[in-house]
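S.K.: Pasting a structure here, questions to come.
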Amino acid sequence: MNEFVTVATFNFIHEITILKTILDNEGIPYLFQNENVVAVDPLASFAYGGINLKVHPNDVMQVKEILNNLSRRDELRIV
């Protein structure tokens, strides 16, 4: 996991729910750093710098495309 890079940062746990499903369906390995801390204490998100989406460098472009597609759809706006 040391080679994973941060692609996006989210403030709230609900913002990553749909994204996790999409990444799982695409078979993209990922890690949400600070996810559990923020799930227990939502205000900790600001103290820890948010929930960081980390992926392998080979998947960065594909994940950015997924994020762009989600941000263009008003009903699924997460970024």
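Each chain of the structure tokens is named A, B, ... in the order shown, its residues numbered from 1; ligands are numbered from 1 in display order.
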Using DSSP secondary structure from the backbone, list all alpha helix (DSSP H) positions within range 18-51 of chain A, as a list in words.
M.R.: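 Residues of range 18-51 of chain A classed as alpha helix (DSSP H): Ile18, Leu19, Lys20, Thr21, Ile22, Leu23, Asp24, Asn25, Glu26, Glu35, Asn36, Val37, Val38, Ala39, Val40, Ala44, Ser45, Phe46, Ala47 and Tyr48 of chain A.
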S.K.: The selected residues should be written to file as a compact mmCIF listing (two decimals), in the first residue's frame (atoms: all heavy atoms).
M.R.:
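result-v9.txt, freshly written:
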```txt
# COMPACT_ATOMS: atom_id res chain seq x y z
N ILE A 18 -21.19 5.55 -2.88
CA ILE A 18 -21.41 5.17 -4.29
C ILE A 18 -20.07 4.89 -4.97
O ILE A 18 -19.94 3.95 -5.75
CB ILE A 18 -22.18 6.28 -5.04
CG1 ILE A 18 -23.60 6.38 -4.48
CG2 ILE A 18 -22.21 6.01 -6.54
CD1 ILE A 18 -24.39 7.55 -5.00
N LEU A 19 -19.08 5.70 -4.65
CA LEU A 19 -17.76 5.53 -5.26
C LEU A 19 -17.16 4.17 -4.94
O LEU A 19 -16.55 3.53 -5.80
CB LEU A 19 -16.84 6.66 -4.81
CG LEU A 19 -15.45 6.69 -5.41
CD1 LEU A 19 -15.52 6.73 -6.94
CD2 LEU A 19 -14.68 7.88 -4.88
N LYS A 20 -17.33 3.69 -3.71
CA LYS A 20 -16.81 2.37 -3.33
C LYS A 20 -17.42 1.28 -4.20
O LYS A 20 -16.72 0.38 -4.66
CB LYS A 20 -17.10 2.09 -1.86
CG LYS A 20 -16.24 2.88 -0.91
CD LYS A 20 -16.71 2.73 0.51
CE LYS A 20 -16.10 1.52 1.14
NZ LYS A 20 -16.40 1.46 2.59
N THR A 21 -18.72 1.37 -4.44
CA THR A 21 -19.40 0.38 -5.26
C THR A 21 -18.87 0.41 -6.69
O THR A 21 -18.62 -0.64 -7.29
CB THR A 21 -20.92 0.64 -5.26
OG1 THR A 21 -21.39 0.61 -3.91
CG2 THR A 21 -21.66 -0.39 -6.09
N ILE A 22 -18.68 1.58 -7.23
CA ILE A 22 -18.17 1.70 -8.61
C ILE A 22 -16.76 1.14 -8.71
O ILE A 22 -16.44 0.39 -9.63
CB ILE A 22 -18.22 3.17 -9.07
CG1 ILE A 22 -19.68 3.62 -9.20
CG2 ILE A 22 -17.47 3.34 -10.39
CD1 ILE A 22 -19.83 5.11 -9.44
N LEU A 23 -15.91 1.49 -7.76
CA LEU A 23 -14.53 0.99 -7.79
C LEU A 23 -14.48 -0.53 -7.64
O LEU A 23 -13.69 -1.20 -8.31
CB LEU A 23 -13.70 1.66 -6.70
CG LEU A 23 -13.47 3.17 -6.86
CD1 LEU A 23 -12.77 3.74 -5.64
CD2 LEU A 23 -12.70 3.48 -8.12
N ASP A 24 -15.33 -1.07 -6.79
CA ASP A 24 -15.41 -2.53 -6.64
C ASP A 24 -15.85 -3.18 -7.95
O ASP A 24 -15.28 -4.19 -8.38
CB ASP A 24 -16.38 -2.92 -5.52
CG ASP A 24 -15.83 -2.67 -4.14
OD1 ASP A 24 -14.59 -2.60 -3.99
OD2 ASP A 24 -16.63 -2.54 -3.20
N ASN A 25 -16.86 -2.62 -8.60
CA ASN A 25 -17.36 -3.17 -9.86
C ASN A 25 -16.33 -3.10 -10.97
O ASN A 25 -16.29 -3.96 -11.85
CB ASN A 25 -18.64 -2.46 -10.29
CG ASN A 25 -19.83 -2.85 -9.46
OD1 ASN A 25 -19.84 -3.89 -8.80
ND2 ASN A 25 -20.85 -2.01 -9.45
N GLU A 26 -15.50 -2.06 -10.95
CA GLU A 26 -14.45 -1.91 -11.96
C GLU A 26 -13.22 -2.75 -11.64
O GLU A 26 -12.31 -2.84 -12.45
CB GLU A 26 -14.05 -0.43 -12.09
CG GLU A 26 -15.14 0.46 -12.64
CD GLU A 26 -15.43 0.21 -14.09
OE1 GLU A 26 -14.50 -0.17 -14.84
OE2 GLU A 26 -16.60 0.37 -14.49
N GLU A 35 -11.18 6.54 6.89
CA GLU A 35 -12.60 6.23 6.75
C GLU A 35 -13.23 5.84 8.09
O GLU A 35 -14.31 6.35 8.44
CB GLU A 35 -12.79 5.09 5.74
CG GLU A 35 -14.21 4.62 5.61
CD GLU A 35 -14.34 3.42 4.69
OE1 GLU A 35 -13.31 2.83 4.28
OE2 GLU A 35 -15.49 3.08 4.38
N ASN A 36 -12.60 4.97 8.83
CA ASN A 36 -13.19 4.49 10.08
C ASN A 36 -13.21 5.57 11.15
O ASN A 36 -14.17 5.67 11.92
CB ASN A 36 -12.44 3.26 10.59
CG ASN A 36 -12.65 2.07 9.68
OD1 ASN A 36 -13.68 1.94 9.03
ND2 ASN A 36 -11.65 1.21 9.60
N VAL A 37 -12.18 6.39 11.22
CA VAL A 37 -12.15 7.47 12.20
C VAL A 37 -13.29 8.44 11.95
O VAL A 37 -13.99 8.86 12.87
CB VAL A 37 -10.79 8.21 12.15
CG1 VAL A 37 -10.80 9.44 13.02
CG2 VAL A 37 -9.66 7.29 12.53
N VAL A 38 -13.51 8.79 10.70
CA VAL A 38 -14.57 9.73 10.35
C VAL A 38 -15.95 9.10 10.54
O VAL A 38 -16.89 9.78 10.91
CB VAL A 38 -14.38 10.26 8.91
CG1 VAL A 38 -15.54 11.14 8.48
CG2 VAL A 38 -13.06 11.03 8.82
N ALA A 39 -16.06 7.80 10.33
CA ALA A 39 -17.34 7.12 10.54
C ALA A 39 -17.75 7.19 12.02
O ALA A 39 -18.93 7.35 12.34
CB ALA A 39 -17.26 5.66 10.08
N VAL A 40 -16.77 7.09 12.90
CA VAL A 40 -17.05 7.13 14.34
C VAL A 40 -17.25 8.57 14.82
O VAL A 40 -18.14 8.86 15.61
CB VAL A 40 -15.90 6.47 15.13
CG1 VAL A 40 -16.06 6.67 16.62
CG2 VAL A 40 -15.82 4.99 14.80
N ALA A 44 -13.96 14.62 13.15
CA ALA A 44 -12.55 14.27 13.04
C ALA A 44 -12.06 14.40 11.60
O ALA A 44 -10.85 14.50 11.36
CB ALA A 44 -12.30 12.85 13.54
N SER A 45 -12.97 14.43 10.66
CA SER A 45 -12.60 14.58 9.26
C SER A 45 -11.75 15.82 9.05
O SER A 45 -10.75 15.80 8.34
CB SER A 45 -13.86 14.65 8.39
OG SER A 45 -13.52 14.88 7.05
N PHE A 46 -12.13 16.90 9.70
CA PHE A 46 -11.39 18.16 9.53
C PHE A 46 -10.05 18.11 10.25
O PHE A 46 -9.07 18.68 9.79
CB PHE A 46 -12.26 19.32 10.03
CG PHE A 46 -13.56 19.41 9.29
CD1 PHE A 46 -14.73 18.97 9.88
CD2 PHE A 46 -13.61 19.87 7.99
CE1 PHE A 46 -15.92 19.02 9.19
CE2 PHE A 46 -14.80 19.93 7.28
CZ PHE A 46 -15.97 19.50 7.88
N ALA A 47 -9.99 17.41 11.36
CA ALA A 47 -8.73 17.30 12.12
C ALA A 47 -7.70 16.43 11.39
O ALA A 47 -6.51 16.71 11.45
CB ALA A 47 -9.01 16.72 13.50
N TYR A 48 -8.19 15.39 10.69
CA TYR A 48 -7.28 14.46 10.02
C TYR A 48 -7.08 14.78 8.53
O TYR A 48 -6.41 14.04 7.83
CB TYR A 48 -7.79 13.03 10.17
CG TYR A 48 -7.59 12.48 11.56
CD1 TYR A 48 -8.64 12.45 12.46
CD2 TYR A 48 -6.35 12.01 11.97
CE1 TYR A 48 -8.46 11.96 13.75
CE2 TYR A 48 -6.16 11.52 13.24
CZ TYR A 48 -7.22 11.49 14.13
OH TYR A 48 -7.05 11.02 15.39
```
S.K.: By how many Å are CA of Thr9 in chain A and CA of Lys54 in chain A apart?
M.R.: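 Distance between the two atoms: 9.1 Å.
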S.K.: Out of chain A, which residues get strand (DSSP E or B) from DSSP, as a PyMOL selection string?
M.R.: chain A and resi 5-10+30-33+51-55
S.K.: Residues at most 8 Å from range 55-59 of chain A, counting only C-alpha atoms, excluding those fewer than 5 positions away in the same chain, as a PDB file with N, CA and C atoms, in the first residue's frame?
M.R.:
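Writing the result to out_34.pdb gives the following:
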```
ATOM      1  N   GLU A   3       2.816   2.265  -2.148  1.00  0.00           N
ATOM      2  CA  GLU A   3       2.919   2.850  -3.479  1.00  0.00           C
ATOM      3  C   GLU A   3       1.627   3.514  -3.938  1.00  0.00           C
ATOM      4  N   PHE A   4       0.568   3.415  -3.166  1.00  0.00           N
ATOM      5  CA  PHE A   4      -0.695   4.050  -3.527  1.00  0.00           C
ATOM      6  C   PHE A   4      -0.573   5.566  -3.386  1.00  0.00           C
ATOM      7  N   VAL A   5      -1.276   6.299  -4.254  1.00  0.00           N
ATOM      8  CA  VAL A   5      -1.247   7.761  -4.233  1.00  0.00           C
ATOM      9  C   VAL A   5      -2.655   8.297  -3.978  1.00  0.00           C
ATOM     10  N   THR A   6      -2.732   9.465  -3.372  1.00  0.00           N
ATOM     11  CA  THR A   6      -4.025  10.092  -3.086  1.00  0.00           C
ATOM     12  C   THR A   6      -4.566  10.737  -4.351  1.00  0.00           C
ATOM     13  N   VAL A   7      -5.796  10.388  -4.696  1.00  0.00           N
ATOM     14  CA  VAL A   7      -6.443  10.916  -5.896  1.00  0.00           C
ATOM     15  C   VAL A   7      -7.471  11.978  -5.537  1.00  0.00           C
ATOM     16  N   ILE A  28     -10.975  -2.073  -9.328  1.00  0.00           N
ATOM     17  CA  ILE A  28      -9.855  -1.183  -9.016  1.00  0.00           C
ATOM     18  C   ILE A  28      -9.539  -1.289  -7.525  1.00  0.00           C
ATOM     19  N   PRO A  29      -8.318  -1.675  -7.182  1.00  0.00           N
ATOM     20  CA  PRO A  29      -7.947  -1.707  -5.759  1.00  0.00           C
ATOM     21  C   PRO A  29      -7.837  -0.277  -5.212  1.00  0.00           C
ATOM     22  N   TYR A  30      -8.352  -0.066  -4.013  1.00  0.00           N
ATOM     23  CA  TYR A  30      -8.359   1.274  -3.428  1.00  0.00           C
ATOM     24  C   TYR A  30      -8.267   1.183  -1.914  1.00  0.00           C
ATOM     25  N   LEU A  31      -8.013   2.324  -1.316  1.00  0.00           N
ATOM     26  CA  LEU A  31      -7.975   2.450   0.135  1.00  0.00           C
ATOM     27  C   LEU A  31      -8.528   3.819   0.483  1.00  0.00           C
TER      28      LEU A  31
END
```
S.K.: Could you give me, as an mmCIF file with C-alpha atoms, in the first residue's frame, the residues within 9 Å of Leu67 in chain A, counting only C-alpha atoms and dropping anything in the same chain fewer than 3 positions from it?
M.R.:
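Writing done, so here's out-v8.cif:
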```cif
data_model
loop_
_atom_site.group_PDB
_atom_site.id
_atom_site.type_symbol
_atom_site.label_atom_id
_atom_site.label_comp_id
_atom_site.auth_asym_id
_atom_site.auth_seq_id
_atom_site.Cartn_x
_atom_site.Cartn_y
_atom_site.Cartn_z
ATOM 1 C CA ALA A 8 -9.205 12.737 -4.012
ATOM 2 C CA LEU A 19 -17.764 5.528 -5.260
ATOM 3 C CA GLN A 62 -9.303 5.692 -14.729
ATOM 4 C CA VAL A 63 -10.324 6.798 -11.224
ATOM 5 C CA LYS A 64 -10.134 10.478 -12.205
ATOM 6 C CA LEU A 70 -19.846 11.442 -11.066
ATOM 7 C CA SER A 71 -19.300 15.160 -10.561
ATOM 8 C CA ARG A 72 -21.096 15.941 -13.837
ATOM 9 C CA ILE A 78 -19.702 13.835 -4.561
ATOM 10 C CA VAL A 79 -16.750 16.034 -5.410
#
```
